[in-house]
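> Mind having a look at this structure? Questions to follow.
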Amino acid sequence: MEAPTLRDDRESETWMGTAPKHAPLLLLVLDACRFDYLGRGDLAWVEERLDQGFYAEKLKPSFGFCEIAELLTGVETRESGFFCQMAPAKAGETSLPLRLAAGLLAPLEERLGSYGREVCRSLLRRVARRFDRREIYEIPAALLSKFRATEGALDYQAPGAFGRESLFDFARGEGLDWDASAFVAFNHVEGGDRDRARRLCEIAERAGGPPALTLGYFGDLDRIGHAFGPGSEELGAQLRRTNLLVREVGEAFLEKGGSVLFVGDHGMLAVEDSFDVLGALGDLGKGTQVFVDSTLCRFWFENDGVRERVEARIRKTLWPAPGYFLEGELAREMGVPLGRDSGDLAFAAHPGWVFAPDFFNRKRVLGMHGYSPEIPGQKGFCLGLGPAFAQRRVAEIRLVDLPKIAARALGAGPAGAGVDQAWVSPEYPEALVLGGEGG
């Protein structure tokens, strides 16, 4: 049976709630809000409303680190190719100002103390954001020109930014207005969650009413989860602060007759231990390029000769380490995309382990994600409230279902308007996902 398109000939009121076409919708991402954070009493305003709308108890992301691409296009990592935040750069993909700045500051960064190093990082960060629209994280200056940003380099709102239709493209095609000023841009957010909550309330209170689509982002749960762990007192305190912001923003949109869609895009695991993969491997030579993420180490070889010489040493060194080589049938089952961005060879950490030092985190972390999405602790949640959503509870959906749900909440029209069929999540047909009369 052919999977349904995003827009079909059934009325959205039948499958969703009773909202008129293009009623205002807020899609608010609660970064790293794990599904079982609900039920602790810390997110009280959200918990009190779980039976008042469409509630997916668990939400499963794809394997990788590009949730924004998934959230906006509804396409899995294996299909989109968006896997990690950084990938090997081709000639010309790094701007001349960043190449020059990195070349000048690389030797200083290695020799100066912590204050001098921070000055170097600050300068590099400014140059990278200005000329490359990217973050530098903790990538050594000497390696900055060798790697490019993936989804983070894109202007998410630009037509066809992801190489396929996004939620922004859908809104554009429907002639809908939107506001993403409180959302992520180029993997960067302005201000804190309090600032973005204030901005979202301002959008809701506009004289002419909020736009058809508003996107927002709260990131403090992710930040605190990394720093202190998902079971920490600090995380509980942050959940209570987030609850107040979610209530404030949610009520602002609901009182205007709009609908809200809260999305915990993935979960978080407690970090048990770390492994120094760079220290274990030592110098692999100029023909091998290495990028160490928190839970994934990728290798690229200049040619077959280098690979033949170096790969055996890597395998021998890492085989007893707390991880596994991501290749063959296992990689296919995990949804790792084919292509050079995934590495010629990849080694993934076991759940609860991280690679440290890595190219993203300067300080020790006590919480991490990026493990297999089959692990319950890697899953988020979804809650839709307001007139666009019928009252229904389902056990689990996938992150790739979100743009389809959002488009239906906006009143997606008849079939044939050019929406990519890849938006459809075949494992979760609309009747199971959206409730209402179906299923």
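Identifiers in this document derive from the order of the structure tokens: chains are assigned A, B, ..., residues are numbered from 1 separately in each chain, and ligands are numbered from 1 in order of occurrence.
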Do a neighbour search on Arg206 in chain A at 12 Å with only C-alpha atoms, toss out local chain neighbours closer than 3 positions, and write the hits as a list of chain:residue names.

A:Asp179, A:Arg199, A:Leu200, A:Cys201, A:Glu202, A:Ile203, A:Gly209, A:Pro210, A:Pro211, A:Ala252, A:Phe253, A:Lys256

> With C-alpha atoms retained, write the just-selected residues as a tab-separated table (two decimals), in the first residue's frame.


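Written output follows (out-v2.tsv):
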```tsv
chain	number	residue	atom	x	y	z
A	179	ASP	CA	8.37	33.69	12.93
A	199	ARG	CA	10.15	36.80	22.69
A	200	LEU	CA	7.55	34.05	22.14
A	201	CYS	CA	5.07	35.83	24.40
A	202	GLU	CA	5.62	39.01	22.43
A	203	ILE	CA	4.84	37.11	19.23
A	209	GLY	CA	-2.31	37.99	16.34
A	210	PRO	CA	0.58	35.52	16.05
A	211	PRO	CA	1.65	34.24	12.62
A	252	ALA	CA	-0.08	32.92	25.75
A	253	PHE	CA	-0.71	31.00	22.50
A	256	LYS	CA	-5.23	33.47	21.50
```

> Find the residues around Val263 in chain A up to 12 Å (only C-alpha atoms counted), leave out those fewer than 2 positions away in its own chain, and share them as number ranges by chain.

A: 26-35, 46, 54-61, 67-68, 71, 215-219, 246, 260-261, 265-267, 379-385, 397-403, 405-406

> Write out as JSON lines the residues of range 41-153 of chain A that have any atom within 12 Å of an atom of range 298-309 of chain A, one row each with the nearest atom pair and its distance in Å to one decimal, counting only C-alpha atoms, sorted by chain and then rising number.


```
{"residue": "A:Phe83", "atom": "CA", "partner": "A:Arg298", "partner_atom": "CA", "distance": 11.7}
{"residue": "A:Cys84", "atom": "CA", "partner": "A:Arg298", "partner_atom": "CA", "distance": 10.2}
{"residue": "A:Met86", "atom": "CA", "partner": "A:Arg298", "partner_atom": "CA", "distance": 10.5}
{"residue": "A:Ala87", "atom": "CA", "partner": "A:Arg298", "partner_atom": "CA", "distance": 9.4}
{"residue": "A:Pro88", "atom": "CA", "partner": "A:Trp300", "partner_atom": "CA", "distance": 8.4}
{"residue": "A:Ala89", "atom": "CA", "partner": "A:Trp300", "partner_atom": "CA", "distance": 11.6}
{"residue": "A:Lys146", "atom": "CA", "partner": "A:Trp300", "partner_atom": "CA", "distance": 11.3}
{"residue": "A:Phe147", "atom": "CA", "partner": "A:Trp300", "partner_atom": "CA", "distance": 11.6}
```

> How many Å separate CA of Val336 in chain A from CA of Ala349 in chain A?

14.8 Å

> So that I can check the secondary structure, give me every residue of range 53-110 of chain A assigned helix (DSSP H, G or I) by backbone DSSP, as a CSV table (one decimal) with N, CA and C atoms, in the first residue's frame.


```csv
chain,number,residue,atom,x,y,z
A,67,GLU,N,19.4,16.6,14.7
A,67,GLU,CA,17.9,16.6,15.0
A,67,GLU,C,17.2,17.7,14.3
A,68,ILE,N,17.8,18.9,14.0
A,68,ILE,CA,17.1,20.0,13.4
A,68,ILE,C,16.7,19.6,12.0
A,69,ALA,N,17.6,18.9,11.2
A,69,ALA,CA,17.3,18.5,9.9
A,69,ALA,C,16.1,17.5,9.9
A,70,GLU,N,16.1,16.6,10.9
A,70,GLU,CA,15.0,15.6,11.0
A,70,GLU,C,13.7,16.3,11.3
A,71,LEU,N,13.8,17.2,12.3
A,71,LEU,CA,12.6,17.9,12.8
A,71,LEU,C,12.0,18.8,11.7
A,72,LEU,N,12.8,19.4,10.8
A,72,LEU,CA,12.2,20.3,9.8
A,72,LEU,C,11.9,19.6,8.5
A,73,THR,N,12.5,18.5,8.2
A,73,THR,CA,12.3,17.8,6.9
A,73,THR,C,11.5,16.5,7.0
A,77,THR,N,18.1,10.2,9.0
A,77,THR,CA,19.5,10.3,8.8
A,77,THR,C,20.0,9.5,7.6
A,78,ARG,N,19.5,8.2,7.5
A,78,ARG,CA,19.9,7.3,6.5
A,78,ARG,C,19.6,7.8,5.1
A,79,GLU,N,18.5,8.6,5.0
A,79,GLU,CA,18.1,9.1,3.7
A,79,GLU,C,18.6,10.5,3.4
A,80,SER,N,18.7,11.4,4.5
A,80,SER,CA,19.1,12.8,4.2
A,80,SER,C,20.6,12.9,4.2
A,96,LEU,N,38.4,32.2,3.5
A,96,LEU,CA,39.8,32.6,3.7
A,96,LEU,C,40.0,33.3,5.0
A,97,PRO,N,39.1,34.2,5.5
A,97,PRO,CA,39.4,34.8,6.8
A,97,PRO,C,39.5,33.7,7.9
A,98,LEU,N,38.7,32.7,7.9
A,98,LEU,CA,38.9,31.7,9.0
A,98,LEU,C,40.1,30.9,8.8
A,99,ARG,N,40.5,30.6,7.6
A,99,ARG,CA,41.7,29.8,7.3
A,99,ARG,C,42.9,30.6,7.8
A,100,LEU,N,42.9,31.9,7.5
A,100,LEU,CA,44.0,32.8,7.9
A,100,LEU,C,44.1,32.9,9.5
A,101,ALA,N,42.9,33.2,10.1
A,101,ALA,CA,42.9,33.3,11.5
A,101,ALA,C,43.3,32.0,12.2
A,102,ALA,N,42.8,30.9,11.7
A,102,ALA,CA,43.2,29.6,12.3
A,102,ALA,C,44.7,29.4,12.2
A,103,GLY,N,45.2,29.7,11.0
A,103,GLY,CA,46.6,29.4,10.8
A,103,GLY,C,47.5,30.3,11.7
A,104,LEU,N,47.1,31.5,11.9
A,104,LEU,CA,47.9,32.4,12.8
A,104,LEU,C,47.7,32.1,14.3
A,105,LEU,N,46.6,31.6,14.7
A,105,LEU,CA,46.3,31.4,16.1
A,105,LEU,C,46.6,30.0,16.6
A,106,ALA,N,46.7,29.0,15.6
A,106,ALA,CA,46.9,27.7,16.0
A,106,ALA,C,48.2,27.5,16.9
A,107,PRO,N,49.4,28.1,16.5
A,107,PRO,CA,50.5,27.9,17.4
A,107,PRO,C,50.4,28.6,18.7
A,108,LEU,N,49.7,29.7,18.7
A,108,LEU,CA,49.5,30.5,20.0
A,108,LEU,C,48.6,29.7,20.9
A,109,GLU,N,47.5,29.1,20.4
A,109,GLU,CA,46.5,28.4,21.2
A,109,GLU,C,47.2,27.2,21.9
A,110,GLU,N,48.2,26.6,21.3
A,110,GLU,CA,48.8,25.5,22.0
A,110,GLU,C,49.8,25.9,23.1
```

> For a test of reading the model, state the distance in Å between CA of Cys66 in chain A and CA of Gly152 in chain A, rounded to one decimal.

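Between CA of Cys66 in chain A and CA of Gly152 in chain A the gap is 8.7 Å.
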
> Go through A:Ser232, A:Thr288, A:Gln157, A:Ser259 one by one, measure the shortest atom-to-atom distance of each to Ala204 in chain A using only C-alpha atoms, and give the residue with the smallest value.

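Of A:Ser232, A:Thr288, A:Gln157, A:Ser259, the one nearest Ala204 in chain A, counting only C-alpha atoms, is A:Ser259.
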
> Please provide the set of residues having any atom within 8 Å of range 236-239 of chain A, restricted to only C-alpha atoms, with same-chain residues fewer than 4 positions apart removed, written as a PDB file with N, CA and C atoms, in the first residue's frame.


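Output file selection-v2.pdb follows:
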```
ATOM      1  N   ASP A  42       8.072  17.668  38.163  1.00  0.00           N
ATOM      2  CA  ASP A  42       8.823  18.899  37.905  1.00  0.00           C
ATOM      3  C   ASP A  42       8.232  19.701  36.745  1.00  0.00           C
ATOM      4  N   LEU A  43       7.676  19.016  35.757  1.00  0.00           N
ATOM      5  CA  LEU A  43       7.021  19.682  34.632  1.00  0.00           C
ATOM      6  C   LEU A  43       5.503  19.642  34.860  1.00  0.00           C
ATOM      7  N   ASP A 220      18.114  24.971  27.801  1.00  0.00           N
ATOM      8  CA  ASP A 220      18.757  24.831  29.110  1.00  0.00           C
ATOM      9  C   ASP A 220      18.701  23.408  29.659  1.00  0.00           C
ATOM     10  N   LEU A 221      17.685  22.627  29.300  1.00  0.00           N
ATOM     11  CA  LEU A 221      17.645  21.238  29.765  1.00  0.00           C
ATOM     12  C   LEU A 221      18.809  20.443  29.180  1.00  0.00           C
ATOM     13  N   ILE A 224      22.102  21.756  31.061  1.00  0.00           N
ATOM     14  CA  ILE A 224      22.204  21.264  32.436  1.00  0.00           C
ATOM     15  C   ILE A 224      22.351  19.747  32.448  1.00  0.00           C
ATOM     16  N   GLY A 231      19.795  12.607  36.079  1.00  0.00           N
ATOM     17  CA  GLY A 231      19.182  12.307  37.364  1.00  0.00           C
ATOM     18  C   GLY A 231      19.587  13.252  38.467  1.00  0.00           C
ATOM     19  N   SER A 232      20.206  14.353  38.136  1.00  0.00           N
ATOM     20  CA  SER A 232      20.778  15.243  39.140  1.00  0.00           C
ATOM     21  C   SER A 232      19.740  16.198  39.734  1.00  0.00           C
ATOM     22  N   ASN A 243       9.387  24.483  33.336  1.00  0.00           N
ATOM     23  CA  ASN A 243       7.943  24.350  33.470  1.00  0.00           C
ATOM     24  C   ASN A 243       7.263  25.717  33.512  1.00  0.00           C
TER      25      ASN A 243
END
```

> I'd like the contact shell of Arg172 in chain A - 12 Å cut-off, only C-alpha atoms, skipping same-chain residues fewer than 6 positions apart - returned as a list of chain:residue names.

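Here the answer would be A:Gln157, A:Ala158, A:Pro159, A:Gly160, A:Glu165, A:Ser166, A:Trp178, A:Ala212, A:Leu213, A:Ala407, A:Ala417, A:Val419.
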
> For Pro320 in chain A, which residue among A:Val277, A:Val271, A:Ala44, A:Leu284 is the nearest when counting only C-alpha atoms?

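Smallest distance to Pro320 in chain A is found for A:Val277.
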
> Using DSSP assignments from the backbone, pull out every residue in range 174-413 of chain A that falls under strand (DSSP E) and give it to me as number ranges by chain.

A: 178-182, 213-218, 259-264, 269-270, 273-275, 288-292, 296-301, 323-325, 345-349, 353-355, 367-368, 380-385, 392-398

> Taking 5 positions as the minimum chain separation for residues in the same chain, which residues sit within 10 Å of range 327-333 of chain A when counting only C-alpha atoms? Answer as a ChimeraX atom specification.

/A:63,78,338,344-347

> Atoms to include: N, CA and C atoms. Write the selected residues as a PDB file, in the first residue's frame.


```pdb
ATOM      1  N   PHE A  63      19.659   7.895  14.641  1.00  0.00           N
ATOM      2  CA  PHE A  63      21.010   7.847  15.195  1.00  0.00           C
ATOM      3  C   PHE A  63      21.819   8.988  14.593  1.00  0.00           C
ATOM      4  N   ARG A  78      19.502   8.235   7.537  1.00  0.00           N
ATOM      5  CA  ARG A  78      19.945   7.303   6.489  1.00  0.00           C
ATOM      6  C   ARG A  78      19.584   7.815   5.096  1.00  0.00           C
ATOM      7  N   LEU A 338      25.253   6.342   3.996  1.00  0.00           N
ATOM      8  CA  LEU A 338      26.437   6.089   3.204  1.00  0.00           C
ATOM      9  C   LEU A 338      27.056   7.422   2.805  1.00  0.00           C
ATOM     10  N   ASP A 344      35.472   6.961   6.741  1.00  0.00           N
ATOM     11  CA  ASP A 344      35.912   5.690   6.160  1.00  0.00           C
ATOM     12  C   ASP A 344      35.858   4.579   7.201  1.00  0.00           C
ATOM     13  N   LEU A 345      35.960   4.987   8.458  1.00  0.00           N
ATOM     14  CA  LEU A 345      35.884   4.056   9.578  1.00  0.00           C
ATOM     15  C   LEU A 345      35.327   4.839  10.761  1.00  0.00           C
ATOM     16  N   ALA A 346      34.445   4.216  11.522  1.00  0.00           N
ATOM     17  CA  ALA A 346      33.848   4.914  12.660  1.00  0.00           C
ATOM     18  C   ALA A 346      33.795   3.988  13.868  1.00  0.00           C
ATOM     19  N   PHE A 347      34.077   4.551  15.024  1.00  0.00           N
ATOM     20  CA  PHE A 347      34.055   3.810  16.289  1.00  0.00           C
ATOM     21  C   PHE A 347      33.118   4.536  17.237  1.00  0.00           C
TER      22      PHE A 347
END
```

> Counting only C-alpha atoms, which residue out of A:Tyr137, A:Phe325, A:Tyr115, A:Tyr156 sits closest to Gly343 in chain A?

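Under the stated criterion, the closest residue is A:Phe325.
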
> Neighbouring residues of Trp45 in chain A were defined as those with any atom within 10 Å, considering only C-alpha atoms; residues of the same chain fewer than 5 positions away were excluded. Please report them as a VMD selection string.

chain A and resid 50 240 243 to 248 250
